[in-house]
Amino acid sequence: MLRVALPLLGLPLTGTAATEEPNQEPGSPREPPPGLALFRWQWHEVEAPYLVALWILVASLAKIVFHLSRKVTSLVPESCLLILLGLVLGGIVLAVAKKAEYQLEPGTFFLFLLPPIVLDSGYFMPSRLFFDNLGAILTYAVVGTLWNAFTTGAALWGLQQAGLVAPRVQAGLLDFLLFGSLISAVDPVAVLAVFEEVHVNETLFIIVFGESLLNDAVTVVLYKVCNSFVEMGSANVQATDYLKGVASLFVVSLGGAAVGLVFAFLLALTTRFTKRVRIIEPLLVFLLAYAAYLTAEMASLSAILAVTMCGLGCKKYVEANISHKSRTAVKYTMKTLASCAETVIFMLLGISAVDSSKWAWDSGLVLGTLFFILFFRALGVVLQTWVLNQFRLAPLDKIDQVVMSYGGLRGAVAFALVILLDRTKVPAKDYFVATTIVVVFFTVIVQGLTIKPLVKWLKVKRREHHKPTLNEELHEHTFDHILAAVEDVVGHHGYHYWRDRWEQFDKKYLSQLLMRRSAYRIRDQIWDVYYRLNIRDAISFVDQGGHVLSSAGLTLPSMPSRNSVAETSVTNLLRESGSGACLDLQVIDTVRSGRDREDAVMHHLLCGGLYKPRRRYKASCSRHFILEDAQERQDKEVFQQNMKRRLESFKSTKHNICFTKSKPRPRKAGCKKNGVANTAATNGKPPRDLGFPDTANCRLQSLRTWKRCHGEGRSLV
């Protein structure tokens, strides 16, 4: 079984040979079976999974210890601490076992550790911010990566020709271009680990992080093309091979994005039919997203781009289809897997650096690589930003450019790619491995330690930790429609025009196809805003008269506990006694105290919003879905009651039958009010001014009149 199991974390399955029975010679007597053993040590059967669990446990405990001191984590990024911990653990293992036992294997990294991190980033990426800056992201990811790869490789080759690199480093121009292709790409894991702790503004973060995700296609193409050219030999490379290399850039990038979108479509369509099997919804999300990654990897496409587009494309429809419990399960499971994978990656990077038998040192190559990646990164950012600022509404200033240049971190992707090199084809592999380890440690530790003080010193705009208010959302949508209309009027098909067209296409076709009908109706923004306002109104009502009700009497989301409040109101006394008396406090003729008056007012304010159990629920169990708890049923009934009450009020107002103080409206003959016929209207006399001081009474009276008139077949004008 262990031979079939995947070798996670690079652990050797040494114990599997012991489980095989030795070959018996024909004719030799069989040994008698051993007696019954009370205790048997079977370490070889659980060695691999046990060590995997042990490494994850050590990494998790290390994170707990790091965060015990707020001062340490505020100064030192968590990725740096994990790398240092890996160095310590690797040194201990090396001293005990006399050899490096555990390494970061490329297969383990690309197939098991990287997908959860990329899926988490793509699924929870702010899509509006990403597509608003898509032009800048693609420019830095494609043009910037090509610039860094070719300039770094050519500069290192020139350094060797100048005699500043030792002659023992046997590498040609194609070898240095291959090394430049893998060392020049910004690593998404390192960027996430450092930039999330720095808390720069959203635009700066999405540009750097989006570049690190989308440059995977360019890195994969350059790495494979240069590696193929090295294996073929520079003398055997034809002109058609260069054309194929350029074409493969589009095939790998667009193919990876297409694979991700196809699986996003399948995932959204599948979750549309999981209403009766809610329990498998989180499984479908992870399974199909991982299938997108493996499919792209199998077809030699960009797997990172595939899973990123899958997460971006499916979130809107999946979140609308699955239940609230499934959304919570997906969120926390995805965050947990990504955090564990990131922790293991940085810790294994430190452990892998201890094994000095796989790498060789050359000072000229190491120092030259550090200088060239920093210099060409800064130069490329300045040149590309100058071009982009000619077209951007909000230009990137010099401070943003400094942070972007300094934030080009390298990580485990470069290390895994350099380990995959063939030593027989690339004789300088050991020197490239040593240089890559130094570059990764320098960018993650040195730049990671100094980027937070640099951001504070430059006074970079930080991220604002608040949700947009309803007013902000309203103005944002208004400006979007105005700009789209302006572009449509002047005949310019710009960004706002195409986004408006896409939203119309999505609303007309995709949402109706990929969302179940009930979810599509609930996704309407007006209903969503109304629901939030409903909950906010109910909480504000309770806050205004919190001494009237106890926490047991009302259960709403995010409501603070009021266990210390005395329950002495008339309403609560009647509820506790279980009396069948009328709870309408307006039938009380005399209100003798201010407390009773306040109790009556609060009762009528909250009568439509309080939770009233309609029926008894029997306890039941199902393997296919999770039943709604009392909290969800309560929230639904509160929302439905308030919605029904306000819609009925809206209907009565729409038919113009609500009386006001200033301008009374005529009533039809035969319509009654409070059980008395409107005789004044029947006799031809003008109606009296029946103004209602209470808006709730006006709405209630209008609703009753509307029901009576429509019940008798009359029409209201």
# chains A, B, ... in the order shown; residues from 1 in each chain; ligands from 1
$ residues_around --residues "range 312-320 of chain A" --least-positions-apart "2" --cutoff "7 Å" --atoms "only C-alpha atoms" --output "NGL selection string"
:A and (122-123 or 127 or 261 or 264-265 or 267-268 or 271 or 308-310 or 322 or 327 or 514-515 or 519 or 523)
$ write_last_selection --atoms "N, CA, C and O atoms" --output "compact mmCIF listing (two decimals), in the first residue's frame"
# COMPACT_ATOMS: atom_id res chain seq x y z
N GLY A 122 -6.70 32.51 -5.62
CA GLY A 122 -7.61 32.78 -6.73
C GLY A 122 -9.07 32.84 -6.31
O GLY A 122 -9.84 33.67 -6.81
N TYR A 123 -9.46 31.98 -5.37
CA TYR A 123 -10.87 31.92 -4.96
C TYR A 123 -11.29 33.17 -4.19
O TYR A 123 -12.40 33.68 -4.36
N SER A 127 -12.15 40.19 -7.35
CA SER A 127 -12.21 40.15 -8.82
C SER A 127 -12.31 41.54 -9.43
O SER A 127 -11.71 41.81 -10.48
N LEU A 261 -11.28 27.82 -16.74
CA LEU A 261 -12.65 28.29 -16.95
C LEU A 261 -13.61 27.14 -17.23
O LEU A 261 -14.77 27.19 -16.81
N ALA A 264 -14.32 25.64 -13.94
CA ALA A 264 -15.16 26.56 -13.17
C ALA A 264 -16.62 26.45 -13.61
O ALA A 264 -17.54 26.46 -12.78
N PHE A 265 -16.85 26.31 -14.92
CA PHE A 265 -18.21 26.11 -15.44
C PHE A 265 -18.80 24.81 -14.92
O PHE A 265 -19.97 24.77 -14.48
N LEU A 267 -17.96 23.17 -12.21
CA LEU A 267 -18.17 23.27 -10.77
C LEU A 267 -19.43 24.05 -10.45
O LEU A 267 -20.24 23.64 -9.60
N ALA A 268 -19.63 25.18 -11.12
CA ALA A 268 -20.84 25.98 -10.88
C ALA A 268 -22.08 25.21 -11.29
O ALA A 268 -23.11 25.24 -10.60
N THR A 271 -22.83 22.38 -8.63
CA THR A 271 -23.39 22.85 -7.36
C THR A 271 -24.82 23.34 -7.50
O THR A 271 -25.49 23.55 -6.49
N THR A 308 -6.07 29.36 -10.78
CA THR A 308 -6.43 30.74 -10.47
C THR A 308 -7.70 31.15 -11.20
O THR A 308 -8.62 31.73 -10.61
N MET A 309 -7.78 30.85 -12.49
CA MET A 309 -8.98 31.20 -13.26
C MET A 309 -10.18 30.36 -12.82
O MET A 309 -11.32 30.84 -12.87
N CYS A 310 -9.93 29.14 -12.37
CA CYS A 310 -11.04 28.33 -11.86
C CYS A 310 -11.63 28.95 -10.61
O CYS A 310 -12.86 29.05 -10.47
N ILE A 322 -24.35 27.06 -3.00
CA ILE A 322 -24.13 26.23 -1.82
C ILE A 322 -24.72 26.91 -0.59
O ILE A 322 -25.02 28.11 -0.59
N ARG A 327 -20.36 27.22 2.66
CA ARG A 327 -19.47 28.35 2.43
C ARG A 327 -18.47 28.51 3.56
O ARG A 327 -17.29 28.77 3.33
N LEU A 514 -26.23 28.78 -14.51
CA LEU A 514 -25.35 28.21 -13.49
C LEU A 514 -25.87 28.37 -12.07
O LEU A 514 -25.29 27.81 -11.15
N MET A 515 -26.92 29.13 -11.87
CA MET A 515 -27.51 29.28 -10.53
C MET A 515 -28.89 28.65 -10.52
O MET A 515 -29.63 28.74 -11.51
N ALA A 519 -31.65 30.69 -5.90
CA ALA A 519 -30.41 31.42 -5.64
C ALA A 519 -30.29 32.62 -6.56
O ALA A 519 -29.79 33.67 -6.16
N ARG A 523 -29.87 36.42 -5.28
CA ARG A 523 -28.67 37.17 -5.62
C ARG A 523 -28.98 38.60 -6.06
O ARG A 523 -28.07 39.39 -6.25
$ residues_around --residues "Phe346 in chain A" --least-positions-apart "2" --cutoff "8 Å" --atoms "only C-alpha atoms" --output "list in words"
Ser79, Leu82, Ile83, Gly86, Glu342, Thr343, Val344, Leu348, Leu349, Gly350 and Ala412 of chain A
$ residues_around --residues "Thr436 in chain A" --least-positions-apart "6" --cutoff "8 Å" --atoms "only C-alpha atoms" --output "number ranges by chain"
A: 183, 414-415, 418
$ write_last_selection --atoms "C-alpha atoms" --output "mmCIF file, in the first residue's frame"
data_model
loop_
_atom_site.group_PDB
_atom_site.id
_atom_site.type_symbol
_atom_site.label_atom_id
_atom_site.label_comp_id
_atom_site.auth_asym_id
_atom_site.auth_seq_id
_atom_site.Cartn_x
_atom_site.Cartn_y
_atom_site.Cartn_z
ATOM 1 C CA ILE A 183 15.484 32.887 -11.162
ATOM 2 C CA ALA A 414 12.699 28.754 -8.370
ATOM 3 C CA PHE A 415 14.211 26.169 -6.010
ATOM 4 C CA VAL A 418 16.529 24.321 -10.404
#
$ residues_around --residues "Thr333 in chain A" --least-positions-apart "5" --cutoff "9 Å" --atoms "only C-alpha atoms" --output "list in words"
Pro282, Thr328 and Ala338 of chain A
$ residues_around --residues "Thr450 in chain A" --least-positions-apart "6" --cutoff "12 Å" --atoms "only C-alpha atoms" --output "list in words"
Ser74, Leu75, Val76, Pro77, Cys80, Val194, Phe195, Val198, Val403, Tyr406, Gly407, Phe442, Thr443, Val444, Lys456 and Trp457 of chain A
$ closest_residue --among "A:Val354, A:Val460, A:Val191, A:Leu284" --to "Ala95 in chain A" --atoms "only C-alpha atoms"
A:Val354
